[in-house]
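S.K.: Structure provided below as structure tokens; questions to follow.
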Amino acid sequence: MEQPYREVFWNISYSWLFYILAAVASLVFFYGIYKRAAFWMSGWSERRNGGVDLKRLTKKVLFTSGIFSDDIMGGTTHFLIMWGFIVLFLGTVLSTIDHWIFHFLEGKVYIVYSVSLDIAGAALITGIILAYVRRYIVKRKNMVTIVKDHVVLLLLLFIAITGFFMEGLRLHANPVPWSESRVAYRVVDAIFHGSRAHLLFEHRLWWWIHSISSLFLVAYLPFSKFIHIFAAPTNLTLDSMNYTSFLTLDEREKVTTDFSKHQLVMFDACTRCNRCQVVCPSSNAREPLSPRMMIEEVGNYARGASGIPFVSSKRDADQHDKATASLGDTIWYCTTCNNCYEVCPVGINTSDIIREVRAARIESGGEVPVNVQEMLESVYKFKNPWQGSKGKRMDWAEGLDVPVFSKGADSKRCLFVGCTPAYDTRLQSVARNVVSLLEGADYDFAVLGKEEACCSEFVREVGEDGLFTELAYQNIDLFERYGITEIVAVCPHGFHTLRNEYGLMEDSAKRLDVVHITEVLERLIADGRIKPTREVPLVATYHDPCFLGRRNGIYDAPRNILRAIPGVKLVEMPRSREKSFCCGGGGGRMWVESNADEKIAEIRVAEAVETGAEVVVTACPFCFSNLDDAVKTGGYEDKIKVMDVSELLAESVLEPGSS
Ligand code: SF4
Ligand code: SF4
């Protein structure tokens, strides 16, 4: 019995013409990829923090898990298109190997091969139809479609349908065993009733149409939205390698581009899926920031500035500064909450990009909000953003016996108080409670007192790298002088910066062990050194600070503290933990005015009120301050109040009036 197989170039004359066209398409393709790679490599190098997280990489790249989360239809659509495309592409590669290197596509192997291609073709067509259903019938929230999206989708659909049709014509004109069981054969059988000569002509015609459009796709790929096929896995790989985009001031002065290699890849990885926009607190508050547009716009400027042929868009290098300026104030609205990064299926860190744009703006002497300028001046002059004199930095501790390094305290562990708990009169009680709880637990520590300089987290986030570096080195010098090896940070912003960013600057900072106060309090409760005994009958909801949660993965420690307090009933807001909604205070936003009708923090407080909680608890002075203001401005004073975790714990542990 004859074995089923497919003869390549069956019924096709001038096959040499196909090879010439294929060679041209391949040349254009490789040239395009080469230019893309040149663009990516034109960025500066990041610092690497660790090895590759293979599990995360597999989940995100092969199973595209980021696309499925919260959007099953979008995930299914992409999965069908992606795997349909990959299998069909591999089918073409195998067919070429079969024709030129060794023949293996016959018999059962051929049957498996052809059925797989049929399934892949059907998956691709179904995926594209779903993409249109999602866009125009389901109308997913905030979905954005531009002409280029149609070009890509319709070209793919055309190639899939013509391939299917061409295969049916071939099976009809040149039947082999199993032909009749193929769907393509049956479709053509149902619609085609011409002579054999006509059949052969139609097959030739559609073979060339299919081949030319496929070769066009190959050539077009590096210059289209399809570039994300390469850029997205590259970006996710870099992301899983734990790179940090960080330059010291000296390094920044030497680089010739605003962006790192990783960041340049991000621009090409974006698929404009809009997930970032949906979760962005600034967009939610109807402020003019759009993370998706930001990536698109800044990406265009970066490509324009690169001047690389076929990468550089119409905007040339001269337009770069003009275009960056056109982003106007929007760059200051980002709270650096990283929610966009959390939901981005291809691992784009928009706040990282925005930080670089801010740094470029500051470096070029561009416009900076007045309040931000004043904050920077205050940090420069007083080492704190609140214009508090250096001499008043320990006022919070009045009446308490707090060990201070400069006064001879003998400890390797520093309680890093931070500027806001030190100077903000509403929050000084947080520092006092923390000290009383730690001392009550006989926990060894000391503070830097008046010598402590601002951690400068928001200085770095607004892009003032020079000032950040200066202040960071002042603190690092203090840590060295007093032989400090462990830091307990009261504020999540200080915790994040000392833990993740000081360590990038020099070896001594790398040796620091940095923990957040909630981790310490949780441990002391578990060890029985802090005993919450007094009942505090309250329904509480916990607001995850972005710099503790999303940025550093600490979700359970504060919740465990609350659960340990007798009488406290913990209820969760719909957006909590990784999905937590920002209070609007990070990334220097405390110093940026907004004209939006509703403040970000008011949206959050409304969400907390919805849970029926009497108190919204947090573990960050910035969140506390923002939420507390929102309770007042939003008219929620008779419904809910704001407390810090340590404050609630102190109510259960300390004697009233003892801190
Ligand atoms: S940045 Fe990420 S989440 Fe936002 S549109 Fe692009 S791919 Fe989607
Ligand atoms: S980091 Fe937060 S505020 Fe900034 S763009 Fe992303 S989601 Fe919006």
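Residue numbering restarts at 1 for every chain of the structure tokens, chains are lettered A, B, ... in their displayed order, and ligands are numbered from 1 as they appear.
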Can you pull out every residue with an atom within 9 Å of ligand 2? Use only C-alpha atoms and all ligand atoms and format it as JSON, numbers by chain.
M.R.: {"A": [276, 277, 278, 279, 280, 281, 282, 283, 284, 289, 290, 291, 292, 294, 331, 333, 334, 335, 336, 337, 338, 339, 340, 341, 342, 349, 350, 351, 352, 354, 581, 582, 584, 586, 587]}
S.K.: Atoms to include: C-alpha atoms. Write the selected residues as a short mmCIF file (atom, residue, chain, number, x, y, z; two decimals), in the first residue's frame.
M.R.:
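Done, and the output landed in out09.cif:
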```cif
data_model
loop_
_atom_site.label_atom_id
_atom_site.label_comp_id
_atom_site.auth_asym_id
_atom_site.auth_seq_id
_atom_site.Cartn_x
_atom_site.Cartn_y
_atom_site.Cartn_z
CA CYS A 276 -1.21 48.28 32.86
CA GLN A 277 -3.70 51.02 32.16
CA VAL A 278 -6.54 49.13 33.84
CA VAL A 279 -4.69 48.81 37.16
CA CYS A 280 -2.77 52.10 37.18
CA PRO A 281 -3.95 54.19 40.18
CA SER A 282 -3.21 57.39 38.33
CA SER A 283 -5.29 56.32 35.31
CA ASN A 284 -8.01 55.11 37.70
CA LEU A 289 -0.85 59.35 32.94
CA SER A 290 -1.26 56.30 30.73
CA PRO A 291 1.44 53.66 31.29
CA ARG A 292 0.69 52.05 27.92
CA MET A 294 4.11 56.13 28.10
CA ILE A 331 5.82 61.67 34.12
CA TYR A 333 2.01 61.32 38.18
CA CYS A 334 3.50 57.85 38.49
CA THR A 335 3.48 56.58 42.07
CA THR A 336 6.02 53.86 41.17
CA CYS A 337 3.55 51.38 42.68
CA ASN A 338 4.62 48.67 40.19
CA ASN A 339 1.08 47.44 39.69
CA CYS A 340 1.61 47.80 35.93
CA TYR A 341 4.70 45.61 36.15
CA GLU A 342 2.81 43.06 38.24
CA ASN A 349 8.58 47.78 34.26
CA THR A 350 7.01 51.11 33.38
CA SER A 351 7.99 52.86 36.59
CA ASP A 352 11.62 52.00 35.84
CA ILE A 354 9.49 56.68 33.93
CA PHE A 581 -4.30 49.47 44.97
CA CYS A 582 -1.75 52.19 45.70
CA GLY A 584 -0.99 57.47 45.68
CA GLY A 586 4.97 56.72 46.31
CA GLY A 587 7.53 57.79 43.74
#
```
S.K.: Could I get the residues of chain A with an atom no further than 6 Å from an atom of ligand 1, each paired with its nearest atom pair and that distance in Å to one decimal, using only C-alpha atoms and all ligand atoms, sorted by chain and residue number, as JSON lines?
M.R.:
```
{"residue": "A:Cys270", "atom": "CA", "partner": "ligand 1", "partner_atom_place_in_ligand_line": "6 (Fe)", "distance": 3.8}
{"residue": "A:Thr271", "atom": "CA", "partner": "ligand 1", "partner_atom_place_in_ligand_line": "7 (S)", "distance": 4.4}
{"residue": "A:Arg272", "atom": "CA", "partner": "ligand 1", "partner_atom_place_in_ligand_line": "5 (S)", "distance": 3.5}
{"residue": "A:Cys273", "atom": "CA", "partner": "ligand 1", "partner_atom_place_in_ligand_line": "8 (Fe)", "distance": 3.8}
{"residue": "A:Asn274", "atom": "CA", "partner": "ligand 1", "partner_atom_place_in_ligand_line": "5 (S)", "distance": 3.9}
{"residue": "A:Arg275", "atom": "CA", "partner": "ligand 1", "partner_atom_place_in_ligand_line": "3 (S)", "distance": 4.3}
{"residue": "A:Cys276", "atom": "CA", "partner": "ligand 1", "partner_atom_place_in_ligand_line": "3 (S)", "distance": 4.2}
{"residue": "A:Arg292", "atom": "CA", "partner": "ligand 1", "partner_atom_place_in_ligand_line": "5 (S)", "distance": 4.6}
{"residue": "A:Cys344", "atom": "CA", "partner": "ligand 1", "partner_atom_place_in_ligand_line": "3 (S)", "distance": 3.7}
{"residue": "A:Pro345", "atom": "CA", "partner": "ligand 1", "partner_atom_place_in_ligand_line": "2 (Fe)", "distance": 6.0}
{"residue": "A:Val346", "atom": "CA", "partner": "ligand 1", "partner_atom_place_in_ligand_line": "7 (S)", "distance": 5.7}
{"residue": "A:Ile348", "atom": "CA", "partner": "ligand 1", "partner_atom_place_in_ligand_line": "1 (S)", "distance": 5.3}
```
S.K.: For the residues selected in the previous step, produce a file with N, CA and C atoms as a PDB file, in the first residue's frame.
M.R.:
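Result went into again_6.pdb, see below:
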```pdb
ATOM      1  N   CYS A 270       6.342  45.466  24.253  1.00  0.00           N
ATOM      2  CA  CYS A 270       4.956  45.853  24.573  1.00  0.00           C
ATOM      3  C   CYS A 270       3.998  45.427  23.455  1.00  0.00           C
ATOM      4  N   THR A 271       2.910  44.788  23.854  1.00  0.00           N
ATOM      5  CA  THR A 271       1.909  44.341  22.877  1.00  0.00           C
ATOM      6  C   THR A 271       0.665  45.230  22.910  1.00  0.00           C
ATOM      7  N   ARG A 272       0.749  46.312  23.660  1.00  0.00           N
ATOM      8  CA  ARG A 272      -0.374  47.255  23.816  1.00  0.00           C
ATOM      9  C   ARG A 272      -1.639  46.564  24.292  1.00  0.00           C
ATOM     10  N   CYS A 273      -1.467  45.624  25.243  1.00  0.00           N
ATOM     11  CA  CYS A 273      -2.634  44.882  25.736  1.00  0.00           C
ATOM     12  C   CYS A 273      -3.466  45.710  26.706  1.00  0.00           C
ATOM     13  N   ASN A 274      -2.865  46.767  27.239  1.00  0.00           N
ATOM     14  CA  ASN A 274      -3.585  47.723  28.087  1.00  0.00           C
ATOM     15  C   ASN A 274      -3.837  47.268  29.519  1.00  0.00           C
ATOM     16  N   ARG A 275      -3.290  46.131  29.904  1.00  0.00           N
ATOM     17  CA  ARG A 275      -3.513  45.675  31.286  1.00  0.00           C
ATOM     18  C   ARG A 275      -2.969  46.690  32.291  1.00  0.00           C
ATOM     19  N   CYS A 276      -1.840  47.313  31.946  1.00  0.00           N
ATOM     20  CA  CYS A 276      -1.215  48.282  32.855  1.00  0.00           C
ATOM     21  C   CYS A 276      -2.151  49.458  33.120  1.00  0.00           C
ATOM     22  N   ARG A 292       0.538  52.645  29.258  1.00  0.00           N
ATOM     23  CA  ARG A 292       0.690  52.046  27.924  1.00  0.00           C
ATOM     24  C   ARG A 292       1.198  53.087  26.923  1.00  0.00           C
ATOM     25  N   CYS A 344       1.758  43.078  33.832  1.00  0.00           N
ATOM     26  CA  CYS A 344       2.226  43.065  32.439  1.00  0.00           C
ATOM     27  C   CYS A 344       2.652  41.649  32.041  1.00  0.00           C
ATOM     28  N   PRO A 345       2.024  41.068  31.020  1.00  0.00           N
ATOM     29  CA  PRO A 345       2.355  39.686  30.666  1.00  0.00           C
ATOM     30  C   PRO A 345       3.767  39.531  30.118  1.00  0.00           C
ATOM     31  N   VAL A 346       4.373  40.644  29.683  1.00  0.00           N
ATOM     32  CA  VAL A 346       5.716  40.518  29.112  1.00  0.00           C
ATOM     33  C   VAL A 346       6.773  41.191  29.994  1.00  0.00           C
ATOM     34  N   ILE A 348       7.096  44.241  31.546  1.00  0.00           N
ATOM     35  CA  ILE A 348       7.577  45.616  31.343  1.00  0.00           C
ATOM     36  C   ILE A 348       7.442  46.414  32.632  1.00  0.00           C
TER      37      ILE A 348
END
```
S.K.: If you run DSSP over the backbone, which residues in segment 65-274 of chain A end up helix (DSSP H, G or I)? Put them as a ChimeraX atom specification.
M.R.: /A:65-68,72-100,107-137,147-173,179-181,183-191,196-223,225-240,249-254,261-269
S.K.: Applying 9 Å and only C-alpha atoms, which residues near Met505 of chain A remain after dropping the ones on its own chain fewer than 6 positions away? List them as a list of chain:residue names.
M.R.: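 Once the adjacent positions are removed, what remains is A:Phe246, A:Leu247, A:Thr248, A:Thr469, A:Ala472, A:Tyr473.
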S.K.: Return the single residue from A:Gly74, A:Gly567, A:Pro492, A:Pro532 that is closest to Leu548 of chain A, with distances computed using only C-alpha atoms.
M.R.: A:Pro492
S.K.: Smallest atom-to-atom distance to Val152 of chain A: which of A:Lys225, A:Arg529, A:Lys579, A:Lys261, using only C-alpha atoms?
M.R.: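 Residue with the minimum atom-to-atom distance to Val152 of chain A: A:Lys225.
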S.K.: Need the shell around Phe85 of chain A: protein/DNA/RNA residues with any atom at most 8 Å away, counting only C-alpha atoms. Skip same-chain ones fewer than 3 positions apart. Format as a list in words?
M.R.: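 Answer for this query is Ile81, Met82, Leu88, Phe89, Ala120, Gly121 and Leu124 of chain A.
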S.K.: Kindly save the residues from that selection, with C-alpha atoms included, as a PDB file, in the first residue's frame.
M.R.:
```pdb
ATOM      1  CA  ILE A  81      -2.493  32.359  17.935  1.00  0.00           C
ATOM      2  CA  MET A  82       0.972  31.891  19.424  1.00  0.00           C
ATOM      3  CA  LEU A  88       2.856  26.036  11.465  1.00  0.00           C
ATOM      4  CA  PHE A  89       6.272  27.677  11.312  1.00  0.00           C
ATOM      5  CA  ALA A 120      -2.419  24.389  14.404  1.00  0.00           C
ATOM      6  CA  GLY A 121      -4.126  26.065  11.436  1.00  0.00           C
ATOM      7  CA  LEU A 124      -4.654  30.055  14.580  1.00  0.00           C
TER       8      LEU A 124
END
```
S.K.: Write out as a ChimeraX atom specification each polymer residue whose atoms come within 12 Å of Met590 of chain A, counting only C-alpha atoms; drop sequence neighbours fewer than 2 positions from it.
M.R.: /A:332-336,369,371-372,375,385-386,420,458-459,461-462,583-588,592-594,599-601,621-627,629
S.K.: Run DSSP on the backbone and grab whatever in segment 488-658 of chain A lands in strand (DSSP E or B); send it over as a PyMOL selection string.
M.R.: chain A and resi 488-489+513-516+538-542+568-571+615-618+641-644
S.K.: When distances are computed from only C-alpha atoms, which of A:Leu156, A:Val642, A:Val112, A:Ala608 shows the smallest separation from Thr126 of chain A?
M.R.: A:Leu156
S.K.: Any idea what's packed within 12 Å of segment 19-31 of chain A, counting only C-alpha atoms, ignoring anything in its chain fewer than 3 positions away? Could you give it as a count of residues only?
M.R.: 32
S.K.: Excluding Trp83 of chain A and its own-chain neighbours fewer than 6 positions away, which residues fall within 12 Å of it when counting only C-alpha atoms? Please give them as a list of chain:residue names.
M.R.: A:Val61, A:Leu62, A:Phe63, A:Thr64, A:Gly75, A:Thr76, A:Thr77, A:Phe89, A:Leu90, A:Gly91, A:Ser116, A:Leu117, A:Ile119, A:Ala120, A:Gly121, A:Ala122, A:Ala123, A:Leu124, A:Ile125, A:Thr126, A:Gly127, A:Ile229
S.K.: Could you save the residues just selected, with C-alpha atoms, as a CSV table (one decimal), in the first residue's frame?
M.R.:
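Generated file (selection01.csv):
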```csv
chain,number,residue,atom,x,y,z
A,61,VAL,CA,7.0,32.4,28.3
A,62,LEU,CA,5.8,29.0,27.4
A,63,PHE,CA,2.5,29.0,29.1
A,64,THR,CA,2.0,32.8,28.9
A,75,GLY,CA,-5.1,34.3,27.4
A,76,THR,CA,-6.9,31.7,25.2
A,77,THR,CA,-6.8,34.0,22.2
A,89,PHE,CA,6.3,27.7,11.3
A,90,LEU,CA,7.9,24.5,12.6
A,91,GLY,CA,5.9,22.5,10.0
A,116,SER,CA,-0.8,18.6,13.8
A,117,LEU,CA,-0.6,21.2,11.1
A,119,ILE,CA,-4.9,21.5,14.3
A,120,ALA,CA,-2.4,24.4,14.4
A,121,GLY,CA,-4.1,26.1,11.4
A,122,ALA,CA,-7.5,25.7,13.1
A,123,ALA,CA,-6.1,27.0,16.4
A,124,LEU,CA,-4.7,30.1,14.6
A,125,ILE,CA,-7.9,30.8,12.8
A,126,THR,CA,-10.0,30.3,16.0
A,127,GLY,CA,-7.5,32.6,17.9
A,229,ILE,CA,7.7,37.4,19.4
```
S.K.: In terms of the shortest atom-to-atom distance over only C-alpha atoms, which of A:Glu522, A:Glu602, A:Glu46, A:Glu651 is closest to Glu535 of chain A?
M.R.: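 The closest residue to Glu535 of chain A is A:Glu651.
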S.K.: With only C-alpha atoms as the basis for distance, which of A:Ser42, A:Pro233, A:Ser652, A:Phe102 is at the shortest distance from Gly307 of chain A?
M.R.: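 Residue with the minimum atom-to-atom distance to Gly307 of chain A: A:Ser42.
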S.K.: Tell me which of A:Glu287, A:Asp628, A:Glu572, A:Asp118 sits closest to Thr611 of chain A, counting only C-alpha atoms.
M.R.: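 Checking each of A:Glu287, A:Asp628, A:Glu572, A:Asp118 against Thr611 of chain A, counting only C-alpha atoms, the winner is A:Glu572.
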